[in-house]
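Trainee: Below is a structure I'd like to ask you about.
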Amino acid sequence: MSAIGRLLRNENNIDFPGLWKRSLTISAVLLLIAVGALLFRGFNLGIEFEGGSSWTVTNTDATGDDIRDALEPLGLDNPRVQQVSNGAWRVRAETNSTAGLNEVSQALADAGGVTTDDVTASAVGASWGSEVTAKARTALIVFFFVLFIYISLRLEWKMAVGALAAVAHDILITVGMYALFQFEVTSATVIAFLTILGYSLYDTLVVFDKIRENERRATGAAAMTYTEVTSFSLNQVIMRSINTTITSVMPVLAVLVVGRFILGAVTLQEFAIALLGGLMVGTYSSLFVATPIVAWLKEREASNVERQVAATKRKADDLDIGAVLDQADRSRKVRSGARGEGHRVTGSSARTVTRPAGQKVTVTKRRNEAGSRSSDAKSAADAADRKPTGEIKPRPRKKKR
Amino acid sequence: MLKNALISLIGTVAVAVGLLVWSISVGQAPLLGLDLQGGVEVVLEPVDTPENLALATQENLDVAVEILRKRVDAIGVAEPDITTQTGGGTNFIIVQLPGIDNQEEAVALVGTTAQLQFRAVLFEESSQQHRSVALELGDYGPEITNGGPNISDLLADPNLLSDPANTPADESAIFLTVADEAGRRSRVLVGPTEFTGSALSGAEAIFRGSWEVEVTFKSGAEGLDLFNESARRCYFPDEQGISRDDSCRWGRLAFVLDGVVESSPRINSPNFDRRQVQITRDFGFPEADARQQALILDFGALPLAFSDPAESGLVNTVSASLGRDSLDAGLLAGAVGLALVALYMIWYYRLLGLAAILSLTLSASLLWVVVSYLSVSRGLALTLAGVVGLIVSIGVSLDSNVIFFEDLKELVRRGDSLSLAVNKAFPTAFGTVFWANLATLIGALILYLLTVGSVKGFALMLAIASVLDLVATYFFMAPFVKFVAGRFGDKPTLFGVRKQRLADGADEVAEVGA
């Protein structure tokens with residue numbers, strides 16, 4: 001069965017912890033490149049941030065296209081062409097080494113069919129005041145602080161560390177892209193950052209929620225080490241991650257393709273590339289940056305040492321994790337049936353109760369499918385034996401408001 | 001169960017359609033940004049007097065730009081473009097605002113002539129005091145007015161309310177209008193300008209048992225020293241008496257904005273610290289007044305005077321800065337992208353995908369309504385990048401559906417019937433989505449509250465998008481899935497679940513049901 005086929009059937013069993021070392025190395029390298037690019041190349045700040053020049057062409061009947069066509073060969077970054085209601089055209093751009101103030105004036109005069117006397121040039125200050133940046137910086141600090149508290153309350157502080165580290169990772173890499181490729185930083189860039197910031201955080205929290213749900217389930221017979229819990233959870237969410245990435249990236253890809261090949265809208269290109277990179281890094285970091293950090297922090301907890309002991313025992317039985325989890329859940333449900341949850345007992349749980357252990361279809365050995373049937377049955381019977389001995393703690397059912 | 005789902009479905013769709021129809025019928029539509037639609041441009045040129053031109057340094061213009069930005073921000077989240085320009089030896093400011101049709105509105109918003117002055121109160125006209133004090137003041141008249149019009153003459157003319165356009169600026173004492181809480185207008189005689197709003201660094205309305213305004217001055221000779229110099233002269237310990245220094249006879253300092261006395265608080269100490277200055281009112285300010293006052297002090301302090309652009313023909317409309325093709329490209333790309341997303345979802349999840357797409361359409365139309373409303377009420381403007389960002393957020397919001405569907409498929413694979421799986425999977429999936437969206441919402445609100453300009457506007461849109469995502473998921477997508485699962489539960493392929501696997505589970509359900 002192909003890997004994709006397994007993914008589609010949710011039968012994937014990717015060894016995520018085995019990939020983490022590599023992924024963290026990749027991330028470290030990416031971060032290093034990002035920081036290096038920031039330090040050595042810096043930003044290509046747009047006119048909003050560092051000012052530029054402005055030309056006003058008067059007494060002309062030129063159209064916007066005339067003006068834009070005239071500017072095209074000069075290679076200006078995103079020139080802003082506006083017509084003022086008194087008939088004049090105004091162009092704002094940053095001059096560059098090949099197109100100085102006079103070159104642009106001349107080109108505009110030619111385009112407008114006038115002499116350079118009708119073109120006035122002036123210097124433009126930054127429209128993006130330093131105060132805007134200062135406030136955004138403060139807001140970002142508050143953002144991290146408040147969300148640390150929020151995630152700590154909702155999940156736990158170790159997950160807050162993981163989630164915010166992933167967010168910082170994503171933002172830094174996106175920022176690094178801007179520095180490395182010398183994309184022009186404009187007010188659109190800010191929107192790209194905000195989109196990525198929101199997405200990265202959201203995506204990580206969804207993954208963490210699954211991990212925590214499984215952590216609660218994985219006690220007793222189904223005991224797993226924390227790392228196993230995370231790996232199991234990641235296998236569960238991977239299809240979701242892939243699908244969500246596809247649905248969020250498709251519009252961005254469309255912008256890139258439509259912009260580049262059909263309509264030649266340069267303005268959108270860099271914005272879309274940054275968004276594309278950020279969204280993909282956002283998904284990646286949830287699985288390969290945030291989760292290893294949390295797993296690493298959690299494995300050091302004392303209570304998780306117990307889990308490791310229990311997990312060793314379970315491993316000795318060589319059971320499939322998912323199946324054991326199901327089994328543990330069902331036994332909890334059967335017990336909680338008395339609390340008015342009886343109607344929720346599913347077909348599967350009925351199966352568990354009524355069928356002989358050997359015929360269970362759910363508890364199978366996955367690792368060595370070729371293994372003998374008898375050991376299969378034995379382990380399943382083991383699990384069934386263990387179930388009523390009270391080793392499994394009933395999980396308090398989540399109250400849904 | 002199914003009936004409830006149907007009611008919720010119909011109700012949600014009815015509300016959404018109703019809102020959309022209302023929004024369109026009252027003519028609300030999203031406002032497009034300067035890059036897409038253009039807007040109004042106001043050129044602010046410094047008043048052409050030697051003293052004022054000397055003030056028109058780059059530094060002062062930058063201060064003025066910040067103040068103008070605050071004024072625009074205070075009324076909403078429009079993304080203005082405010083720049084200084086230097087050409088032909090003069091400095092000036094260009095303010096562009098997106099989409100405002102009415103040019104007067106733009107001029108009023110930018111409030112070009114607003115300049116905040118602090119002047120000592122020499123005399124306040126009020127019904128009880130009028131006679132006696134007028135007589136008393138008559139003796140001081142010539143000295144007080146510094147060679148201006150004789151005070152007795154001024155008092156004798158009941159029609160002489162201030163006309164800031166005609167009164168000479170700073171040098172002499174003038175009468176200015178003041179309105180009291182009840183809106184009654186009276187006149188105040190104020191002395192020469194002691195200092196201007198540029199001495200302030202900020203003002204804030206604060207609640208400490210009652211509302212008051214806290215004013216912060218700049219430190220040193222350009223700020224606090226100026227204020228303390230006035231405070232020393234205006235302060236008098238005996239509240240009944242009259243200040244010993246004739247230059248501030250009433251013991252009060254008036255804040256004059258555009259020739260109107262905004263307030264004239266009594267000075268209660270001869271010496272203040274930088275952050276110690278509070279304006280209080282006897283029984284506390286009403287909150288709105290306190291905020292208004294703070295706004296004026298905070299934003300009104302242009303460091304130099306600008307000529308009225310409406311009179312000098314410097315108000316113009318401007319066209320979009322991006323070519324028409326950019327907007328077309330953005331919209332086409334968005335449409336293509338979302339269409340691909342729709343195809344993918346329906347291919348992968350079948351009927352569930354359809355539910356997701358319908359839910360998406362619902363939240364997108366609600367987004368349209370909210371953005372249109374905010375465009376009209378708060379000047380929210382969509383730039384090209386904003387449009388694309390929103391489209392991406394819409395794509396991301398499909399995730400709340402994907403999480404649910406994956407859980408659902410997982411349960412069905414494990415043997416649950418479809419409708420059972422729907423009821424089991426949704427609470428958990430929605431819990432996950434709820435808490436994760438709440439985090440995004442908190443983050444977006446923090447950014448909205450603490451930032452200015454384009455960050456603010458887009459953060460607001462992100463926050464709205466995540467709320468609408470939850471609404472559409474809870475009130476539309478879930479009931480829809482419940483409903484179709486009830487109707488077509490026997491046709492698993494319609495839900496993108498492998499048939500043989502479901503057959504296994506369906507069989508089990510049959511057993512239990514029996």
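Chain labels run A, B, ... following the order of the structure tokens; each chain numbers its residues from 1, and ligands are numbered from 1 in the order shown.
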Find the residues of chain A in contact range of chain B, meaning any atom within 6 Å when counting only C-alpha atoms, and list them as a PyMOL selection string.
Mentor: chain A and resi 80-85+122-125+127+132+135-136+139+143+188+198+202+205+244+247-248+250-251+254-255+258-259+265+347
Trainee: Using only C-alpha atoms, please write the residues we just selected to a file, as an mmCIF file, in the first residue's frame.
Mentor:
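Now in result-v7.cif:
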data_model
loop_
_atom_site.group_PDB
_atom_site.id
_atom_site.type_symbol
_atom_site.label_atom_id
_atom_site.label_comp_id
_atom_site.auth_asym_id
_atom_site.auth_seq_id
_atom_site.Cartn_x
_atom_site.Cartn_y
_atom_site.Cartn_z
ATOM 1 C CA ARG A 80 2.591 54.736 -7.211
ATOM 2 C CA VAL A 81 0.830 56.551 -10.011
ATOM 3 C CA GLN A 82 -2.154 58.709 -9.167
ATOM 4 C CA GLN A 83 -4.152 61.247 -11.074
ATOM 5 C CA VAL A 84 -5.164 64.328 -9.160
ATOM 6 C CA SER A 85 -8.524 65.855 -9.965
ATOM 7 C CA SER A 122 10.014 66.820 -4.518
ATOM 8 C CA ALA A 123 11.193 64.655 -1.687
ATOM 9 C CA VAL A 124 8.619 62.616 0.223
ATOM 10 C CA GLY A 125 8.937 61.745 3.863
ATOM 11 C CA SER A 127 4.280 57.942 5.707
ATOM 12 C CA VAL A 132 3.513 53.168 14.113
ATOM 13 C CA LYS A 135 3.413 50.725 18.778
ATOM 14 C CA ALA A 136 3.420 47.587 16.694
ATOM 15 C CA ALA A 139 1.734 45.266 20.793
ATOM 16 C CA PHE A 143 0.646 39.662 22.335
ATOM 17 C CA ALA A 188 1.244 44.865 2.573
ATOM 18 C CA GLY A 198 -2.678 34.172 13.289
ATOM 19 C CA TYR A 202 -4.028 28.581 15.486
ATOM 20 C CA LEU A 205 -3.048 24.977 19.175
ATOM 21 C CA THR A 244 -5.774 22.711 5.775
ATOM 22 C CA THR A 247 -6.979 24.908 1.289
ATOM 23 C CA SER A 248 -5.116 27.917 2.642
ATOM 24 C CA MET A 250 -4.445 27.384 -2.966
ATOM 25 C CA PRO A 251 -5.664 30.995 -3.041
ATOM 26 C CA ALA A 254 -3.616 31.366 -7.522
ATOM 27 C CA VAL A 255 -2.491 34.891 -6.748
ATOM 28 C CA VAL A 258 -2.513 34.697 -12.047
ATOM 29 C CA GLY A 259 -0.365 37.650 -11.086
ATOM 30 C CA ALA A 265 0.729 42.473 -11.394
ATOM 31 C CA GLY A 347 -21.539 -0.869 18.162
#
Trainee: Which residue is closest to Ala305 (chain B)? Choose from B:Val110, B:Val26, B:Leu31, B:Leu44 and count only C-alpha atoms.
Mentor: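 Closest to Ala305 (chain B) of all the choices is B:Leu44.
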Trainee: What is the CA of Ser372 (chain B) to CA of Ser23 (chain B) distance in Å?
Mentor: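 It comes out at 7.4 Å.
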Trainee: Go ahead and compute the interatomic distance for CA of Glu94 (chain A) and CA of Thr56 (chain A), in Å to one decimal.
Mentor: 14.4 Å
Trainee: As a ChimeraX atom specification, please: every residue in region 96-191 of chain A that a backbone DSSP assignment puts in alpha helix (DSSP H).
Mentor: /A:101-112,130-154,157-180,187-191
Trainee: Once you have the residues from the selection above, write them out as an mmCIF file, in the first residue's frame, restricted to C-alpha atoms.
Mentor:
data_model
loop_
_atom_site.group_PDB
_atom_site.id
_atom_site.type_symbol
_atom_site.label_atom_id
_atom_site.label_comp_id
_atom_site.auth_asym_id
_atom_site.auth_seq_id
_atom_site.Cartn_x
_atom_site.Cartn_y
_atom_site.Cartn_z
ATOM 1 C CA LEU A 101 15.454 62.249 -10.023
ATOM 2 C CA ASN A 102 16.237 63.757 -13.411
ATOM 3 C CA GLU A 103 15.933 60.548 -15.404
ATOM 4 C CA VAL A 104 12.472 59.985 -14.035
ATOM 5 C CA SER A 105 11.507 63.618 -14.661
ATOM 6 C CA GLN A 106 12.662 63.304 -18.247
ATOM 7 C CA ALA A 107 10.806 60.040 -18.784
ATOM 8 C CA LEU A 108 7.633 61.528 -17.346
ATOM 9 C CA ALA A 109 7.957 64.653 -19.458
ATOM 10 C CA ASP A 110 8.366 62.497 -22.577
ATOM 11 C CA ALA A 111 5.370 60.392 -21.622
ATOM 12 C CA GLY A 112 3.247 63.455 -21.026
ATOM 13 C CA SER A 130 8.252 55.700 13.698
ATOM 14 C CA GLU A 131 5.392 55.759 16.164
ATOM 15 C CA VAL A 132 3.513 53.168 14.113
ATOM 16 C CA THR A 133 6.468 50.810 14.310
ATOM 17 C CA ALA A 134 7.028 51.478 18.002
ATOM 18 C CA LYS A 135 3.413 50.725 18.778
ATOM 19 C CA ALA A 136 3.420 47.587 16.694
ATOM 20 C CA ARG A 137 6.492 46.391 18.594
ATOM 21 C CA THR A 138 4.879 46.999 21.980
ATOM 22 C CA ALA A 139 1.734 45.266 20.793
ATOM 23 C CA LEU A 140 3.736 42.246 19.713
ATOM 24 C CA ILE A 141 5.340 41.960 23.153
ATOM 25 C CA VAL A 142 1.945 42.193 24.850
ATOM 26 C CA PHE A 143 0.646 39.662 22.335
ATOM 27 C CA PHE A 144 3.256 37.090 23.347
ATOM 28 C CA PHE A 145 2.770 37.787 27.032
ATOM 29 C CA VAL A 146 -1.038 37.518 27.030
ATOM 30 C CA LEU A 147 -1.059 34.459 24.816
ATOM 31 C CA PHE A 148 1.489 32.794 27.055
ATOM 32 C CA ILE A 149 -0.950 33.244 29.918
ATOM 33 C CA TYR A 150 -3.913 32.158 27.812
ATOM 34 C CA ILE A 151 -2.272 28.954 26.600
ATOM 35 C CA SER A 152 -0.924 28.210 30.063
ATOM 36 C CA LEU A 153 -4.420 28.440 31.480
ATOM 37 C CA ARG A 154 -6.075 26.563 28.678
ATOM 38 C CA TRP A 157 2.834 26.482 30.261
ATOM 39 C CA LYS A 158 5.052 23.962 28.508
ATOM 40 C CA MET A 159 2.716 24.021 25.553
ATOM 41 C CA ALA A 160 2.688 27.806 25.697
ATOM 42 C CA VAL A 161 6.462 27.732 25.369
ATOM 43 C CA GLY A 162 6.229 25.365 22.409
ATOM 44 C CA ALA A 163 3.468 27.274 20.643
ATOM 45 C CA LEU A 164 5.030 30.691 21.019
ATOM 46 C CA ALA A 165 8.448 29.378 20.035
ATOM 47 C CA ALA A 166 6.853 28.052 16.858
ATOM 48 C CA VAL A 167 5.166 31.388 16.197
ATOM 49 C CA ALA A 168 8.427 33.226 16.704
ATOM 50 C CA HIS A 169 10.141 30.675 14.441
ATOM 51 C CA ASP A 170 7.629 31.254 11.669
ATOM 52 C CA ILE A 171 7.733 35.015 11.892
ATOM 53 C CA LEU A 172 11.512 35.077 11.988
ATOM 54 C CA ILE A 173 11.782 32.841 8.950
ATOM 55 C CA THR A 174 9.288 34.978 7.037
ATOM 56 C CA VAL A 175 11.128 38.127 8.027
ATOM 57 C CA GLY A 176 14.320 36.409 6.963
ATOM 58 C CA MET A 177 12.807 35.710 3.558
ATOM 59 C CA TYR A 178 12.204 39.406 3.104
ATOM 60 C CA ALA A 179 15.791 40.205 3.984
ATOM 61 C CA LEU A 180 17.330 37.356 1.999
ATOM 62 C CA SER A 187 2.404 48.036 4.363
ATOM 63 C CA ALA A 188 1.244 44.865 2.573
ATOM 64 C CA THR A 189 4.079 43.040 4.289
ATOM 65 C CA VAL A 190 2.483 43.793 7.611
ATOM 66 C CA ILE A 191 -0.681 42.090 6.449
#
Trainee: Identify, on the basis of only C-alpha atoms, every residue whose closest approach to Trp368 (chain B) does not exceed 8 Å; exclude the query and any residue fewer than 2 positions from it along the same chain; express the result as a list of chain:residue names.
Mentor: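 Counting only the stated atoms, we get B:Leu20, B:Ala29, B:Pro30, B:Ala364, B:Ser365, B:Leu366, B:Val370, B:Val371, B:Ser372.
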Trainee: Enter the distance from CA of Asn52 (chain B) to CA of Trp89 (chain A), in Å, rounded to one decimal.
Mentor: 29.7 Å
Trainee: Show which residues sit within 8 Å of Ala5 (chain B), as a list of chain:residue names. Count only C-alpha atoms, and ignore same-chain residues fewer than 4 positions away.
Mentor: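 Result of the neighbour search: B:Met1, B:Leu9, B:Pro479, B:Phe480, B:Lys482, B:Phe483.
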Trainee: Just N, CA and C atoms for this one: save the residues we selected as a PDB file, in the first residue's frame.
Mentor:
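Below is the file that was written, out_30.pdb:
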ATOM      1  N   MET B   1     -34.312  15.542  16.490  1.00  0.00           N
ATOM      2  CA  MET B   1     -32.914  15.862  16.182  1.00  0.00           C
ATOM      3  C   MET B   1     -32.805  16.522  14.806  1.00  0.00           C
ATOM      4  N   LEU B   9     -30.596  25.444  10.629  1.00  0.00           N
ATOM      5  CA  LEU B   9     -30.128  25.728   9.276  1.00  0.00           C
ATOM      6  C   LEU B   9     -30.901  26.872   8.645  1.00  0.00           C
ATOM      7  N   PRO B 479     -25.295  21.759  11.873  1.00  0.00           N
ATOM      8  CA  PRO B 479     -26.669  21.315  11.576  1.00  0.00           C
ATOM      9  C   PRO B 479     -26.806  20.748  10.170  1.00  0.00           C
ATOM     10  N   PHE B 480     -26.097  21.346   9.217  1.00  0.00           N
ATOM     11  CA  PHE B 480     -26.177  20.870   7.841  1.00  0.00           C
ATOM     12  C   PHE B 480     -25.684  19.431   7.761  1.00  0.00           C
ATOM     13  N   LYS B 482     -25.411  17.286  10.199  1.00  0.00           N
ATOM     14  CA  LYS B 482     -26.349  16.444  10.944  1.00  0.00           C
ATOM     15  C   LYS B 482     -27.524  16.067  10.049  1.00  0.00           C
ATOM     16  N   PHE B 483     -28.013  17.069   9.357  1.00  0.00           N
ATOM     17  CA  PHE B 483     -29.189  16.859   8.522  1.00  0.00           C
ATOM     18  C   PHE B 483     -28.891  15.883   7.386  1.00  0.00           C
TER      19      PHE B 483
END
Trainee: Compile the contact shell of Leu275 (chain A) as a CSV table (one decimal) with C-alpha atoms, in the first residue's frame: residues with an atom at most 8 Å away, counting only C-alpha atoms, same-chain residues fewer than 2 positions apart removed.
Mentor:
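Contents of result00.csv, freshly written:
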chain,number,residue,atom,x,y,z
A,192,ALA,CA,1.3,39.0,5.4
A,193,PHE,CA,2.9,38.9,8.9
A,195,THR,CA,-2.0,36.5,8.5
A,196,ILE,CA,1.0,34.2,9.3
A,252,VAL,CA,-2.1,32.2,-2.5
A,271,PHE,CA,3.4,39.5,-0.9
A,272,ALA,CA,2.1,36.1,-2.2
A,273,ILE,CA,5.6,34.5,-2.0
A,277,GLY,CA,6.3,30.5,2.7
A,278,GLY,CA,4.8,31.6,6.0
A,279,LEU,CA,1.8,29.4,5.7
Trainee: Check the smallest atom-to-atom distance from each of B:Arg274, B:Gln96, B:Ser8, B:Gly191 to Thr473 (chain B) using only C-alpha atoms, then report the winner.
Mentor: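 Of B:Arg274, B:Gln96, B:Ser8, B:Gly191, the one nearest Thr473 (chain B) is B:Ser8, counting only C-alpha atoms.
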Trainee: List every residue of region 195-371 of chain B that DSSP, applied to the backbone, labels as strand (DSSP E or B), and write the result as an MDAnalysis selection string.
Mentor: chainID B and resid 195:196 200:208 210:217 252:257 260:263 266 277:279 285 306 315:318
Trainee: Quick one: of A:Gln182, A:Asn13, A:Thr60, A:Thr283, who's nearest to Leu197 (chain A), counting only C-alpha atoms?
Mentor: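 Comparing A:Gln182, A:Asn13, A:Thr60, A:Thr283 against Leu197 (chain A), the winner is A:Thr283.
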Trainee: Using only C-alpha atoms, which of A:Tyr199, A:Tyr226, A:Phe181, A:Phe49 sits nearest Ala126 (chain A)?
Mentor: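 So, comparing all the options, the nearest one is A:Phe49.
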